[in-house]
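File shown here: structure04.txt, holding compact mmCIF, C-alpha atoms.
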```
# COMPACT_ATOMS: atom_id res chain seq x y z
CA MET A 1 43.22 224.37 129.87
CA LYS A 2 43.51 226.31 133.16
CA ASN A 3 45.01 224.65 136.18
CA PRO A 4 42.31 224.60 138.91
CA PHE A 5 44.96 224.86 141.64
CA ILE A 6 46.42 228.15 140.35
CA SER A 7 44.50 231.22 141.45
CA ASN A 8 43.70 234.16 139.19
CA GLU A 9 46.01 236.30 141.35
CA THR A 10 48.91 233.98 140.63
CA ARG A 11 48.15 234.00 136.90
CA ALA A 12 48.01 237.78 136.88
CA ALA A 13 51.32 238.03 138.72
CA SER A 14 52.91 235.60 136.27
CA SER A 15 51.70 237.63 133.29
CA VAL A 16 53.32 240.73 134.81
CA LEU A 17 56.64 239.03 135.59
CA PHE A 18 56.98 237.12 132.32
CA ASP A 19 56.21 237.90 128.69
CA GLU A 20 53.61 235.83 126.92
CA PRO A 21 55.33 233.19 124.75
CA GLY A 22 55.29 233.86 121.04
CA PRO A 23 54.46 231.39 118.24
CA ILE A 24 57.99 229.92 118.15
CA ALA A 25 58.11 229.47 121.94
CA GLN A 26 54.63 227.91 121.95
CA ARG A 27 55.64 225.49 119.18
CA ARG A 28 58.83 224.59 121.06
CA THR A 29 56.80 224.00 124.24
CA ARG A 30 54.40 221.70 122.40
CA ILE A 31 57.33 219.72 120.97
CA PHE A 32 58.87 219.32 124.42
CA ASN A 33 55.52 218.22 125.89
CA ILE A 34 54.97 215.66 123.15
CA ALA A 35 58.53 214.35 123.57
CA ALA A 36 58.02 214.06 127.34
CA LEU A 37 54.79 212.12 126.80
CA ILE A 38 56.55 209.75 124.40
CA VAL A 39 59.38 209.17 126.87
CA PHE A 40 56.88 208.55 129.67
CA ALA A 41 54.93 206.10 127.49
CA ILE A 42 58.12 204.20 126.64
CA PHE A 43 59.07 204.06 130.32
CA ALA A 44 55.58 202.85 131.27
CA VAL A 45 55.74 200.09 128.65
CA TYR A 46 59.16 199.07 129.95
CA VAL A 47 57.93 198.93 133.54
CA LEU A 48 54.87 196.88 132.57
CA THR A 49 57.05 194.52 130.54
CA VAL A 50 59.40 193.93 133.46
CA MET A 51 56.44 193.44 135.82
CA GLY A 52 54.97 190.91 133.41
CA GLU A 53 58.24 188.98 133.22
CA LYS A 54 58.42 188.91 137.04
CA GLY A 55 54.84 187.68 137.35
CA GLN A 56 53.57 190.90 138.95
CA LEU A 57 50.67 191.24 136.48
CA GLU A 58 49.05 187.92 137.33
CA PRO A 59 45.33 188.46 138.04
CA GLU A 60 45.33 186.87 141.49
CA LYS A 61 47.92 189.35 142.74
CA TRP A 62 45.53 192.20 141.95
CA THR A 63 42.18 190.63 142.76
CA ASP A 64 43.38 189.93 146.31
CA LEU A 65 43.43 193.69 146.86
CA PHE A 66 39.65 193.90 146.74
CA THR A 67 38.60 191.08 149.02
CA ALA A 68 36.46 191.78 152.08
CA ARG A 69 39.18 190.39 154.37
CA ALA A 70 41.77 192.80 152.98
CA TRP A 71 39.62 195.88 153.53
CA THR A 72 37.97 195.02 156.84
CA SER A 73 41.13 193.67 158.50
CA TYR A 74 43.88 195.78 156.96
CA TYR A 75 43.16 198.74 154.68
CA LEU A 76 40.25 200.35 156.52
CA PRO A 77 41.76 199.88 160.02
CA GLY A 78 45.08 201.20 158.71
CA LEU A 79 43.40 204.19 157.10
CA ALA A 80 41.48 204.86 160.32
CA SER A 81 44.73 204.77 162.32
CA THR A 82 46.36 207.16 159.86
CA LEU A 83 43.46 209.61 159.97
CA SER A 84 43.13 209.47 163.77
CA ALA A 85 46.83 210.17 164.35
CA ALA A 86 46.74 212.95 161.77
CA ALA A 87 43.57 214.53 163.20
CA ILE A 88 44.90 214.62 166.77
CA SER A 89 48.27 215.89 165.54
CA VAL A 90 46.56 218.71 163.65
CA VAL A 91 44.77 219.89 166.82
CA THR A 92 47.87 219.64 169.02
CA SER A 93 50.07 221.26 166.35
CA ILE A 94 47.73 224.26 166.15
CA ALA A 95 47.80 224.64 169.95
CA PHE A 96 51.61 224.31 169.99
CA GLY A 97 51.96 226.75 167.10
CA LEU A 98 49.70 229.34 168.71
CA LEU A 99 51.56 229.15 172.02
CA PHE A 100 55.07 229.50 170.63
CA GLY A 101 54.04 231.80 167.79
CA ILE A 102 52.76 234.25 170.40
CA ALA A 103 55.94 233.70 172.41
CA ARG A 104 58.09 234.64 169.42
CA LEU A 105 56.07 237.84 168.98
CA SER A 106 56.03 238.73 172.67
CA GLN A 107 57.23 242.13 173.88
CA TYR A 108 59.25 240.34 176.58
CA ARG A 109 62.72 239.27 175.50
CA VAL A 110 62.83 236.13 177.63
CA PHE A 111 59.65 234.78 176.04
CA ARG A 112 61.01 235.55 172.57
CA TRP A 113 64.22 233.69 173.37
CA ILE A 114 62.36 230.67 174.70
CA GLY A 115 60.04 230.63 171.69
CA THR A 116 62.94 230.97 169.25
CA VAL A 117 64.97 228.17 170.84
CA VAL A 118 62.01 225.76 170.97
CA VAL A 119 60.77 226.48 167.45
CA GLU A 120 64.19 226.42 165.78
CA PHE A 121 65.20 223.23 167.62
CA PHE A 122 62.13 221.19 166.71
CA ARG A 123 62.14 222.50 163.14
CA ALA A 124 65.68 221.17 162.76
CA VAL A 125 65.18 217.67 164.22
CA PRO A 126 63.79 215.08 161.77
CA VAL A 127 60.31 213.81 162.61
CA LEU A 128 61.38 210.17 162.54
CA ILE A 129 64.11 210.74 165.12
CA MET A 130 61.59 212.36 167.47
CA MET A 131 59.16 209.47 167.01
CA ILE A 132 61.82 206.89 167.80
CA PHE A 133 63.11 208.88 170.78
CA PHE A 134 59.71 209.27 172.43
CA TRP A 135 58.79 205.65 171.67
CA LEU A 136 61.91 204.42 173.47
CA PHE A 137 61.76 207.05 176.23
CA LEU A 138 58.09 206.45 177.08
CA GLY A 139 58.58 202.70 176.89
CA LYS A 140 61.34 202.85 179.49
CA TYR A 141 60.21 205.59 181.86
CA SER A 142 56.41 205.74 181.64
CA GLY A 143 53.74 203.37 182.82
CA LEU A 144 51.69 203.70 179.62
CA PRO A 145 50.32 200.54 177.99
CA PRO A 146 52.84 199.26 175.42
CA ALA A 147 50.15 199.05 172.73
CA GLN A 148 49.55 202.81 173.01
CA LEU A 149 53.19 203.87 172.87
CA PRO A 150 53.56 203.95 169.04
CA PHE A 151 50.44 206.11 168.67
CA ILE A 152 51.57 208.56 171.37
CA ALA A 153 55.10 208.76 169.95
CA VAL A 154 53.76 209.46 166.45
CA VAL A 155 51.47 212.24 167.72
CA ILE A 156 54.23 213.85 169.81
CA GLY A 157 56.72 213.78 166.95
CA LEU A 158 54.25 215.25 164.46
CA THR A 159 53.10 217.86 166.98
CA LEU A 160 56.56 219.17 167.82
CA TYR A 161 57.74 219.47 164.24
CA ASN A 162 54.59 220.72 162.56
CA GLY A 163 53.64 222.91 165.52
CA SER A 164 56.98 224.70 165.09
CA VAL A 165 56.25 225.24 161.41
CA ILE A 166 52.78 226.60 162.24
CA ALA A 167 54.35 228.96 164.80
CA GLU A 168 56.52 230.36 162.00
CA LEU A 169 53.48 230.62 159.71
CA LEU A 170 51.64 232.67 162.31
CA ARG A 171 54.64 234.91 162.88
CA SER A 172 54.95 235.45 159.13
CA GLY A 173 51.23 236.22 158.95
CA VAL A 174 51.47 238.84 161.70
CA LYS A 175 54.48 240.46 160.02
CA GLN A 176 52.45 240.75 156.79
CA LEU A 177 49.64 242.70 158.42
CA PRO A 178 49.57 246.48 157.96
CA ARG A 179 51.23 248.32 160.82
CA GLY A 180 48.01 250.25 161.38
CA GLN A 181 46.31 247.13 162.70
CA GLY A 182 48.53 247.05 165.79
CA GLU A 183 48.45 250.82 166.18
CA ALA A 184 44.65 250.79 166.10
CA GLY A 185 44.56 248.28 168.95
CA LEU A 186 46.87 250.44 171.05
CA ALA A 187 44.82 253.52 170.19
CA ILE A 188 41.63 252.06 171.67
CA GLY A 189 43.36 251.27 174.96
CA LEU A 190 44.44 247.65 174.51
CA THR A 191 47.78 246.54 175.87
CA PRO A 192 50.38 245.21 173.41
CA SER A 193 49.64 241.64 174.49
CA GLN A 194 45.89 242.15 174.10
CA THR A 195 46.42 243.72 170.68
CA LEU A 196 48.53 240.77 169.58
CA ILE A 197 46.14 238.10 170.86
CA GLN A 198 42.79 239.76 170.10
CA ILE A 199 43.50 241.61 166.85
CA LEU A 200 46.66 240.46 165.08
CA ILE A 201 46.71 236.71 165.71
CA PRO A 202 43.10 236.11 164.48
CA GLN A 203 43.83 238.00 161.25
CA ALA A 204 47.14 236.21 160.75
CA PHE A 205 45.47 232.87 161.46
CA THR A 206 42.88 233.59 158.75
CA ALA A 207 45.46 234.83 156.28
CA MET A 208 47.75 231.83 156.75
CA MET A 209 45.01 229.19 156.89
CA PRO A 210 45.67 227.90 153.34
CA SER A 211 49.37 227.47 154.10
CA MET A 212 48.48 225.70 157.34
CA LEU A 213 46.18 223.37 155.41
CA SER A 214 49.16 222.51 153.22
CA GLN A 215 51.04 221.68 156.41
CA PHE A 216 48.16 219.45 157.48
CA VAL A 217 48.72 217.45 154.28
CA VAL A 218 52.35 217.01 155.41
CA ILE A 219 51.09 215.75 158.76
CA LEU A 220 48.90 213.17 157.04
CA LYS A 221 51.76 211.89 154.90
CA ASP A 222 54.25 211.82 157.76
CA THR A 223 52.07 209.43 159.73
CA ALA A 224 53.50 206.78 157.39
CA LEU A 225 56.79 207.09 159.30
CA GLY A 226 55.03 205.45 162.22
CA TYR A 227 55.49 202.00 160.70
CA ILE A 228 59.15 202.19 161.81
CA ILE A 229 57.97 202.06 165.45
CA SER A 230 55.24 199.48 164.73
CA TYR A 231 52.31 201.90 164.55
CA PRO A 232 49.60 200.09 162.50
CA GLU A 233 48.91 202.91 160.04
CA LEU A 234 47.96 202.45 156.37
CA LEU A 235 51.45 201.78 155.04
CA ALA A 236 52.24 199.24 157.76
CA SER A 237 48.92 197.47 157.19
CA ALA A 238 49.57 197.31 153.44
CA ARG A 239 53.04 195.86 153.98
CA ARG A 240 51.68 193.29 156.43
CA ILE A 241 48.96 191.93 154.16
CA GLY A 242 51.27 192.12 151.14
CA SER A 243 53.89 190.02 152.90
CA GLY A 244 51.29 187.42 153.78
CA ASP A 245 49.67 187.24 150.33
CA GLY A 246 52.86 187.63 148.30
CA ASN A 247 51.80 190.86 146.56
CA VAL A 248 53.68 193.60 148.42
CA LEU A 249 54.05 195.75 145.31
CA GLN A 250 50.34 195.72 144.62
CA THR A 251 49.34 196.52 148.21
CA LEU A 252 51.80 199.41 148.38
CA LEU A 253 50.42 200.80 145.13
CA LEU A 254 46.91 200.65 146.59
CA ALA A 255 48.11 202.39 149.78
CA ALA A 256 49.75 205.08 147.64
CA ALA A 257 46.49 205.54 145.72
CA LEU A 258 44.56 205.99 148.99
CA PHE A 259 47.08 208.59 150.16
CA VAL A 260 46.74 210.41 146.84
CA ILE A 261 42.94 210.46 147.09
CA VAL A 262 42.94 211.80 150.66
CA ASN A 263 45.62 214.40 149.88
CA PHE A 264 43.75 215.47 146.75
CA ILE A 265 40.64 216.09 148.83
CA LEU A 266 42.64 218.12 151.38
CA THR A 267 44.29 220.11 148.57
CA ALA A 268 40.91 220.87 147.02
CA VAL A 269 39.65 222.06 150.41
CA ALA A 270 42.74 224.27 150.81
CA THR A 271 42.17 225.75 147.35
CA GLY A 272 38.54 226.52 148.11
CA ILE A 273 39.40 228.13 151.44
CA THR A 274 42.11 230.22 149.77
CA ASP A 275 39.62 231.63 147.28
CA ARG A 276 36.97 232.31 149.93
CA LEU A 277 39.35 234.00 152.36
CA ALA A 278 41.07 236.16 149.74
CA SER A 279 38.77 239.11 150.42
CA ARG A 280 38.35 238.67 154.19
CA THR A 281 41.70 239.86 155.48
CA SER A 282 43.94 242.87 155.03
CA ALA A 283 46.89 240.54 154.54
CA LYS A 284 47.33 238.69 151.29
CA VAL A 285 46.07 235.13 151.47
CA THR A 286 48.49 232.73 149.82
CA ARG A 287 49.03 229.00 149.57
CA GLU A 288 52.67 229.37 148.64
CA LEU A 289 54.09 231.11 151.74
CA ILE A 290 56.07 228.49 153.63
CA PRO A 291 58.65 229.78 156.13
CA GLY A 292 62.16 228.85 155.10
CA GLU A 293 61.33 228.72 151.38
CA LEU A 294 60.04 232.08 150.16
CA ASP A 295 61.10 234.26 153.07
CA ASN A 296 64.28 234.36 155.13
CA PRO A 297 64.54 230.96 156.93
CA ASN A 298 65.84 232.71 160.05
CA PRO A 299 64.38 236.21 160.04
CA PRO A 300 65.20 238.46 163.01
CA THR A 301 62.73 238.20 165.87
CA VAL A 302 61.90 241.63 167.23
CA GLN A 303 59.33 242.72 169.75
CA MET A 304 55.99 243.75 168.33
CA PHE A 305 55.51 247.02 170.21
CA VAL A 306 57.42 249.53 172.30
CA LEU A 307 55.49 250.64 175.35
CA PRO A 308 55.26 254.31 176.28
CA GLY A 309 58.23 255.53 178.28
CA GLY A 310 60.63 253.09 176.64
CA ARG A 311 59.59 250.14 178.87
CA LYS A 312 60.12 246.65 177.42
```

Spit out the file's structure as structure tokens when you get a sec.
Amino acid sequence: MKNPFISNETRAASSVLFDEPGPIAQRRTRIFNIAALIVFAIFAVYVLTVMGEKGQLEPEKWTDLFTARAWTSYYLPGLASTLSAAAISVVTSIAFGLLFGIARLSQYRVFRWIGTVVVEFFRAVPVLIMMIFFWLFLGKYSGLPPAQLPFIAVVIGLTLYNGSVIAELLRSGVKQLPRGQGEAGLAIGLTPSQTLIQILIPQAFTAMMPSMLSQFVVILKDTALGYIISYPELLASARRIGSGDGNVLQTLLLAAALFVIVNFILTAVATGITDRLASRTSAKVTRELIPGELDNPNPPTVQMFVLPGGRK
């Protein structure tokens, strides 16, 4: 059975890089798969047995998950908080990524240096540390309402980290484009900056859209870190109702299931966009290209064009 999340291009590349398994290899693979399933089944039985001994399989612990009070007061508000923080962070991350992605590709050395320092710094700092820092900093030095501080800190932390990753995605996308794209822009009288912004960035943005959608999934999941600073997202809401009803394990499992459903929908959207955009750009559209994993994590940043007369 074909994996729906693996494109035909990827399958073709795999068939070129690796030989098709023969009968012995196929039989060995089936044996390993069956053995893995048996081990998983034994582990599942063990987990269920332990849960039963601890009273975690009692019906009331599970039926409480589906009461109207639980959904209207906890799960749905928590899910709404998660989606709102993620949605705003996606928009601000794209704006941040565009700004500093262009800076890293600028013909001016000072802009490239600023872009490199900002992007590399915020890529290196953990998201949780940034959330805690801005939560404490804004609480002490700003006049914002205390109830809004966790939300703002979560959005800022997600924006700075994921915006830096998106900036690298855009830079990688521009570097993948054929050199003739930039030369064509210069040939019709555009300046290097106009060529970058009007011709190269739109194509790179289209080519890297599937990878950016994968980063949006990361943004959605990282909103769960907000519970550390008392942001009432889905995980925090599940923990709160679980602590009150005495079924923390069950509520966390339900929260995990909701995250899986939302992420599955986003992944399906990313897969569909990948297939639709595959023929709309001169650069290869790929879901797998994540800066720091497949390419050099710190590739050299060079200016995009050299102006006539050697000016920089």

Counting all atoms listed in the file, which residues in stretch 79-115 of chain A sit no more than 12 Å from stretch 149-162 of chain A? For each one, give the nearest pair of atoms and the distance in Å, sorted by chain then residue number, as a tab-separated table.
```
residue	atom	partner	partner_atom	distance
A:Ser81	CA	A:Phe151	CA	8.6
A:Thr82	CA	A:Phe151	CA	9.8
A:Leu83	CA	A:Val155	CA	11.5
A:Ser84	CA	A:Phe151	CA	9.4
A:Ala85	CA	A:Val155	CA	6.1
A:Ala86	CA	A:Val155	CA	7.6
A:Ala87	CA	A:Val155	CA	9.4
A:Ile88	CA	A:Val155	CA	7.1
A:Ser89	CA	A:Val155	CA	5.3
A:Val90	CA	A:Thr159	CA	7.4
A:Val91	CA	A:Thr159	CA	8.6
A:Thr92	CA	A:Thr159	CA	5.9
A:Ser93	CA	A:Thr159	CA	4.6
A:Ile94	CA	A:Thr159	CA	8.4
A:Ala95	CA	A:Thr159	CA	9.1
A:Phe96	CA	A:Thr159	CA	7.3
A:Gly97	CA	A:Asn162	CA	8.0
A:Leu98	CA	A:Asn162	CA	11.7
A:Leu99	CA	A:Leu160	CA	11.9
A:Phe100	CA	A:Leu160	CA	10.8
```

Next on the checklist: If I take atom CA of A:Leu186 and atom CA of A:Leu105, how far is one from the other in Å, to one decimal?
Outcome noted: 15.7 Å

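Of note, atom CA of A:Ala207 and atom CA of A:Gly101 are spaced 14.7 Å apart.
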
Next on the checklist: So, with all atoms listed in the file as the atoms that count, which of A:Ala184, A:Ala80, A:Ile228, A:Val218 lies closest to A:Met130?
Outcome noted: A:Ile228

Checklist entry - Residues around (41.2, 247.2, 172.7), cut-off 9 Å, counting all atoms listed in the file - what are they as a PyMOL selection string? => result chain A and resi 184-191+194-195+198-199

Item to check | Which residue of A:Leu177, A:Ile166, A:Ile229, A:Val262 approaches A:Trp135 most closely, using only C-alpha atoms | outcome: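 Counting only C-alpha atoms, the residue closest to A:Trp135 is A:Ile229.
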
Checklist entry - For A:Leu170, which of A:Val47, A:Ala41, A:Ala270, A:Ala103 is the closest residue, counting only C-alpha atoms? => result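 With only C-alpha atoms as the atom set, the closest residue is A:Ala103.
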
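Minimum atom-to-atom distance to A:Thr116, evaluated using all atoms listed in the file, belongs to A:Ala167 out of A:Met131, A:Met209, A:Leu57, A:Ala167.
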